[in-house]
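Colleague: What follows is start-v3.tsv; its format and atoms are TSV, C-alpha atoms.
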```tsv
chain	number	residue	atom	x	y	z
A	1	MET	CA	111.73	139.47	139.45
A	2	ALA	CA	108.97	137.98	137.24
A	3	LYS	CA	109.43	140.91	134.87
A	4	GLN	CA	113.21	140.37	134.71
A	5	SER	CA	112.65	136.68	134.06
A	6	ALA	CA	110.15	137.45	131.26
A	7	GLN	CA	112.65	139.89	129.70
A	8	LEU	CA	115.41	137.28	129.92
A	9	SER	CA	113.12	134.80	128.13
A	10	GLU	CA	112.47	137.34	125.38
A	11	VAL	CA	116.18	138.05	124.94
A	12	PHE	CA	117.08	134.34	124.72
A	13	TYR	CA	114.18	133.81	122.31
A	14	ALA	CA	115.36	136.76	120.17
A	15	LEU	CA	118.84	135.16	119.96
A	16	ALA	CA	117.45	131.72	119.02
A	17	ASP	CA	117.63	132.46	115.29
A	18	PRO	CA	120.69	132.82	113.00
A	19	THR	CA	119.28	135.83	111.09
A	20	ARG	CA	118.54	137.71	114.30
A	21	ARG	CA	122.00	136.90	115.68
A	22	ALA	CA	123.55	138.18	112.43
A	23	ILE	CA	121.55	141.42	112.82
A	24	VAL	CA	122.83	141.83	116.40
A	25	SER	CA	126.42	141.24	115.19
A	26	ALA	CA	126.00	143.80	112.38
A	27	LEU	CA	124.55	146.43	114.74
A	28	GLY	CA	127.45	145.86	117.16
A	29	ARG	CA	129.56	147.73	114.59
A	30	GLY	CA	127.16	150.72	114.68
A	31	PRO	CA	123.58	151.85	113.90
A	32	GLU	CA	122.33	151.06	110.42
A	33	ALA	CA	119.38	151.86	108.14
A	34	VAL	CA	116.95	148.93	107.70
A	35	SER	CA	117.54	148.80	103.92
A	36	VAL	CA	121.34	148.55	104.38
A	37	LEU	CA	120.92	146.03	107.19
A	38	ALA	CA	118.59	143.86	105.08
A	39	ALA	CA	120.78	143.86	101.94
A	40	PRO	CA	123.10	140.91	102.80
A	41	PHE	CA	120.17	138.61	103.68
A	42	ALA	CA	118.57	136.48	100.95
A	43	MET	CA	115.14	137.08	102.42
A	44	ALA	CA	111.93	138.93	101.51
A	45	LEU	CA	111.67	142.27	103.32
A	46	PRO	CA	108.49	141.32	105.30
A	47	SER	CA	110.28	138.29	106.78
A	48	PHE	CA	113.28	140.45	107.62
A	49	LEU	CA	111.04	143.05	109.28
A	50	LYS	CA	109.47	140.30	111.41
A	51	HIS	CA	112.93	139.42	112.73
A	52	LEU	CA	113.59	143.09	113.49
A	53	SER	CA	110.28	143.27	115.33
A	54	VAL	CA	111.17	140.25	117.54
A	55	LEU	CA	114.51	141.90	118.35
A	56	GLU	CA	112.87	145.23	119.10
A	57	ARG	CA	110.20	143.66	121.33
A	58	SER	CA	112.94	141.95	123.37
A	59	GLY	CA	114.68	145.31	123.82
A	60	VAL	CA	117.90	144.03	122.20
A	61	ILE	CA	117.57	146.67	119.45
A	62	ARG	CA	115.65	149.91	119.07
A	63	SER	CA	114.81	151.94	115.98
A	64	HIS	CA	113.75	155.43	115.02
A	65	LYS	CA	112.48	156.92	111.79
A	66	LEU	CA	113.84	160.09	110.22
A	67	GLY	CA	111.95	161.06	107.08
A	68	ARG	CA	111.63	157.83	105.13
A	69	VAL	CA	114.63	156.08	106.67
A	70	ARG	CA	114.27	153.78	109.69
A	71	THR	CA	117.55	153.29	111.54
A	72	CYS	CA	118.22	150.45	114.00
A	73	GLU	CA	120.71	150.36	116.84
A	74	LEU	CA	121.84	147.80	119.38
A	75	VAL	CA	120.94	148.26	123.07
A	76	PRO	CA	123.96	146.38	124.47
A	77	LYS	CA	122.89	146.50	128.14
A	78	THR	CA	119.92	144.21	127.36
A	79	LEU	CA	122.41	141.40	126.64
A	80	THR	CA	124.04	141.73	130.08
A	81	PRO	CA	121.43	139.72	132.08
A	82	ALA	CA	121.73	136.84	129.58
A	83	GLN	CA	125.51	136.87	129.92
A	84	ARG	CA	125.23	137.08	133.72
A	85	TRP	CA	122.76	134.17	133.86
A	86	LEU	CA	125.11	131.94	131.85
A	87	ALA	CA	128.07	132.96	134.03
A	88	GLU	CA	126.09	132.08	137.17
A	89	GLN	CA	125.31	128.60	135.84
A	90	ARG	CA	128.99	128.08	135.08
A	91	ALA	CA	129.95	129.23	138.60
A	92	THR	CA	127.45	126.82	140.23
A	93	TRP	CA	128.59	123.93	138.09
A	94	GLU	CA	132.33	124.63	138.48
A	95	SER	CA	132.10	124.89	142.28
A	96	ARG	CA	130.31	121.51	142.24
A	97	SER	CA	133.05	120.02	140.01
A	98	GLU	CA	135.72	121.29	142.39
A	99	ARG	CA	133.95	119.77	145.40
A	100	MET	CA	133.70	116.48	143.49
A	101	ALA	CA	137.42	116.60	142.57
A	102	ARG	CA	138.38	117.27	146.22
A	103	PHE	CA	136.17	114.39	147.36
A	104	VAL	CA	137.74	111.97	144.85
A	105	GLU	CA	141.22	113.17	145.91
A	106	THR	CA	140.35	112.50	149.57
A	107	LEU	CA	139.21	108.96	148.73
A	108	HIS	CA	142.43	108.41	146.78
A	109	GLN	CA	144.61	109.62	149.68
A	110	GLU	CA	142.71	107.34	152.08
A	111	ASP	CA	143.32	104.40	149.73
A	112	LEU	CA	147.04	105.20	149.58
A	113	SER	CA	147.45	105.42	153.35
A	114	ARG	CA	145.45	102.21	153.79
A	115	ALA	CA	147.73	100.50	151.24
A	116	LYS	CA	150.82	101.65	153.22
A	117	ARG	CA	149.45	100.30	156.48
A	118	GLN	CA	148.58	96.95	154.91
A	119	PRO	CA	151.35	96.19	152.36
A	120	ARG	CA	150.33	93.70	149.67
A	121	GLN	CA	151.68	90.19	150.29
A	122	ARG	CA	154.26	88.98	147.75
B	1	MET	CA	129.34	126.10	110.76
B	2	ALA	CA	125.63	125.78	109.85
B	3	LYS	CA	125.39	122.90	112.32
B	4	GLN	CA	127.02	124.98	115.08
B	5	SER	CA	124.65	127.84	114.33
B	6	ALA	CA	121.63	125.51	114.47
B	7	GLN	CA	122.86	124.12	117.82
B	8	LEU	CA	123.32	127.65	119.16
B	9	SER	CA	119.75	128.47	118.12
B	10	GLU	CA	118.48	125.38	119.95
B	11	VAL	CA	120.41	126.26	123.10
B	12	PHE	CA	119.12	129.87	123.14
B	13	TYR	CA	115.60	128.57	122.46
B	14	ALA	CA	115.92	126.06	125.31
B	15	LEU	CA	116.90	128.91	127.67
B	16	ALA	CA	113.99	131.13	126.55
B	17	ASP	CA	111.68	129.79	129.25
B	18	PRO	CA	111.76	130.32	133.04
B	19	THR	CA	110.93	126.68	133.87
B	20	ARG	CA	113.69	125.38	131.62
B	21	ARG	CA	116.18	127.87	133.11
B	22	ALA	CA	115.16	126.73	136.62
B	23	ILE	CA	115.79	123.11	135.59
B	24	VAL	CA	119.27	124.05	134.28
B	25	SER	CA	120.02	125.85	137.58
B	26	ALA	CA	118.84	122.84	139.62
B	27	LEU	CA	120.95	120.40	137.57
B	28	GLY	CA	123.99	122.65	138.01
B	29	ARG	CA	124.02	121.37	141.61
B	30	GLY	CA	124.14	117.75	140.41
B	31	PRO	CA	122.17	115.05	138.53
B	32	GLU	CA	118.62	114.47	139.69
B	33	ALA	CA	115.73	112.03	139.17
B	34	VAL	CA	112.89	113.46	137.07
B	35	SER	CA	110.36	113.06	139.92
B	36	VAL	CA	112.57	115.01	142.36
B	37	LEU	CA	113.33	117.62	139.71
B	38	ALA	CA	109.62	118.09	138.92
B	39	ALA	CA	108.47	118.37	142.56
B	40	PRO	CA	109.03	122.14	143.09
B	41	PHE	CA	107.15	123.06	139.90
B	42	ALA	CA	103.39	123.68	140.04
B	43	MET	CA	102.94	121.97	136.70
B	44	ALA	CA	101.38	118.78	135.31
B	45	LEU	CA	104.00	116.11	134.64
B	46	PRO	CA	103.38	115.98	130.83
B	47	SER	CA	104.11	119.73	130.56
B	48	PHE	CA	107.23	119.28	132.67
B	49	LEU	CA	108.38	116.39	130.50
B	50	LYS	CA	107.94	118.58	127.39
B	51	HIS	CA	110.34	121.12	128.89
B	52	LEU	CA	112.84	118.33	129.64
B	53	SER	CA	112.52	117.13	126.06
B	54	VAL	CA	113.30	120.63	124.66
B	55	LEU	CA	116.36	120.80	126.94
B	56	GLU	CA	117.48	117.31	125.94
B	57	ARG	CA	117.05	117.99	122.21
B	58	SER	CA	119.24	121.11	122.55
B	59	GLY	CA	121.93	119.01	124.24
B	60	VAL	CA	121.88	121.18	127.39
B	61	ILE	CA	120.85	118.15	129.47
B	62	ARG	CA	120.95	114.40	128.96
B	63	SER	CA	119.11	111.62	130.77
B	64	HIS	CA	119.36	107.89	131.34
B	65	LYS	CA	116.97	105.36	132.80
B	66	LEU	CA	117.92	102.84	135.45
B	67	GLY	CA	115.03	100.54	136.31
B	68	ARG	CA	112.03	102.81	136.68
B	69	VAL	CA	113.99	105.95	137.51
B	70	ARG	CA	115.01	108.44	134.83
B	71	THR	CA	117.88	110.69	135.93
B	72	CYS	CA	118.80	113.98	134.23
B	73	GLU	CA	122.16	115.71	134.22
B	74	LEU	CA	123.50	118.99	132.87
B	75	VAL	CA	125.94	118.96	129.92
B	76	PRO	CA	127.74	122.21	130.83
B	77	LYS	CA	129.92	122.41	127.70
B	78	THR	CA	126.80	122.98	125.55
B	79	LEU	CA	126.36	126.37	127.26
B	80	THR	CA	129.88	127.50	126.30
B	81	PRO	CA	129.11	128.56	122.67
B	82	ALA	CA	126.19	130.70	123.91
B	83	GLN	CA	128.43	132.38	126.48
B	84	ARG	CA	131.17	132.85	123.85
B	85	TRP	CA	128.72	134.36	121.34
B	86	LEU	CA	127.52	136.93	123.89
B	87	ALA	CA	131.12	137.76	124.88
B	88	GLU	CA	132.00	138.32	121.21
B	89	GLN	CA	129.12	140.76	120.77
B	90	ARG	CA	130.28	142.67	123.84
B	91	ALA	CA	133.86	142.80	122.51
B	92	THR	CA	132.70	144.16	119.12
B	93	TRP	CA	130.49	146.74	120.72
B	94	GLU	CA	133.03	147.81	123.35
B	95	SER	CA	135.80	148.27	120.78
B	96	ARG	CA	133.38	150.46	118.78
B	97	SER	CA	132.53	152.48	121.93
B	98	GLU	CA	136.24	153.01	122.59
B	99	ARG	CA	136.85	154.18	119.02
B	100	MET	CA	133.88	156.56	119.38
B	101	ALA	CA	135.21	157.91	122.70
B	102	ARG	CA	138.67	158.50	121.18
B	103	PHE	CA	137.08	160.26	118.19
B	104	VAL	CA	135.00	162.55	120.44
B	105	GLU	CA	138.11	163.26	122.53
B	106	THR	CA	140.04	164.22	119.36
B	107	LEU	CA	137.27	166.63	118.30
B	108	HIS	CA	137.29	168.15	121.79
B	109	GLN	CA	141.08	168.65	121.71
B	110	GLU	CA	140.83	170.28	118.27
B	111	ASP	CA	138.13	172.64	119.57
B	112	LEU	CA	140.33	173.59	122.53
B	113	SER	CA	143.40	174.35	120.39
B	114	ARG	CA	141.26	176.34	117.93
B	115	ALA	CA	139.82	178.36	120.84
B	116	LYS	CA	143.37	179.11	122.02
B	117	ARG	CA	144.44	180.32	118.57
B	118	GLN	CA	141.35	182.50	118.16
B	119	PRO	CA	140.56	183.99	121.62
B	120	ARG	CA	136.98	185.12	121.96
B	121	GLN	CA	136.60	188.92	121.61
B	122	ARG	CA	135.45	190.74	124.76
```
Please re-express this file's structure in structure tokens.
Modeller:
Amino acid sequence: MAKQSAQLSEVFYALADPTRRAIVSALGRGPEAVSVLAAPFAMALPSFLKHLSVLERSGVIRSHKLGRVRTCELVPKTLTPAQRWLAEQRATWESRSERMARFVETLHQEDLSRAKRQPRQR
Amino acid sequence: MAKQSAQLSEVFYALADPTRRAIVSALGRGPEAVSVLAAPFAMALPSFLKHLSVLERSGVIRSHKLGRVRTCELVPKTLTPAQRWLAEQRATWESRSERMARFVETLHQEDLSRAKRQPRQR
């Protein structure tokens, strides 16, 4: 449980940066060599590699080296717990909103029936 | 666009901590006074307040003070872009997986028809 929570923190942290999110989006279309992946970013390679390392540590991507070419790929299942966590929060909050709406509706109906029993004087 | 991306980064950063996620979960059940919210956490109040301040800066929660009581509440709509971003990544990746599966299936069918045309010699 603690381990899952720590992993979830790392995934959210990895996604808390526009460059890293752009890398995830790019890798969603398929594995890519680091040099190709880095090309569209106006950024020095060491900075870019740091972003890759944060993503790799979180498990969101993995890489392997063949000869002199390092290739990165997305590990989509690592995003699932983050998506699930957000969906759970929405479910909690929406069920609360529905209870609130029903409560307000009940009060409204009570007001209406009270108004019928005691018609306003003209 | 840049502003939306910066907000998304702040939201993901806010969620990259187990205490802050627990606060979001608690507030999903309804607004709460800071003192009540802090009670279950084995943490000094200043540290707790720092977490609240990260959440408030990201827009995920807001607070107001009435007399001496500060009350926090969730702002659920701020979680929507994070959920949408994750869903988009899944959609990209799943459409790629489907294309890959169809491609592999095509290769397999071609192999089968080639095997039929050229039966293996006994």
Colleague: Rounded to one decimal, what separation in Å do you get between atom CA of B:Cys72 and atom CA of B:Leu45?
Modeller: 15.0 Å
Colleague: Work out how far atom CA of A:Ile61 is from atom CA of A:Ala44, in Å to one decimal.
Modeller: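 Computed distance, atom CA of A:Ala44 to atom CA of A:Ile61, equals 20.3 Å.
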Colleague: So the first atom is atom CA of A:Lys3 and the second is atom CA of B:Arg21; what is the distance between them in Å, to one decimal place?
Modeller: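 Computing it gives 14.8 Å between the two atoms.
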Colleague: From the options A:Thr19, A:Gln109, A:Thr78, A:Thr92, which residue's atoms come nearest to chain B, counting all atoms listed in the file?
Modeller: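 Using all atoms listed in the file, chain B sits closest to A:Thr92.
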Colleague: Just need the residues of chain A within 6 Å of chain B, counting only C-alpha atoms, so spit them out as number ranges by chain.
Modeller: A: 9, 12-13, 16-17, 28, 92-93
Colleague: Generate the output file for the selected residues, C-alpha atoms, as a compact mmCIF listing (two decimals), keeping the file's coordinate frame.
Modeller:
```
# COMPACT_ATOMS: atom_id res chain seq x y z
CA SER A 9 113.12 134.80 128.13
CA PHE A 12 117.08 134.34 124.72
CA TYR A 13 114.18 133.81 122.31
CA ALA A 16 117.45 131.72 119.02
CA ASP A 17 117.63 132.46 115.29
CA GLY A 28 127.45 145.86 117.16
CA THR A 92 127.45 126.82 140.23
CA TRP A 93 128.59 123.93 138.09
```
Colleague: Compare B:Val54, B:Arg20, B:Gln4, B:Ser63 by their minimum atom-to-atom distance to B:Pro81, counting all atoms listed in the file, and give me the closest one.
Modeller: B:Gln4
Colleague: Tell me, as number ranges by chain, which residues lie within 12 Å of A:Ser35, counting all atoms listed in the file; anything in the same chain fewer than 6 positions away does not count.
Modeller: A: 41, 44-46, 48-49, 52, 68-72
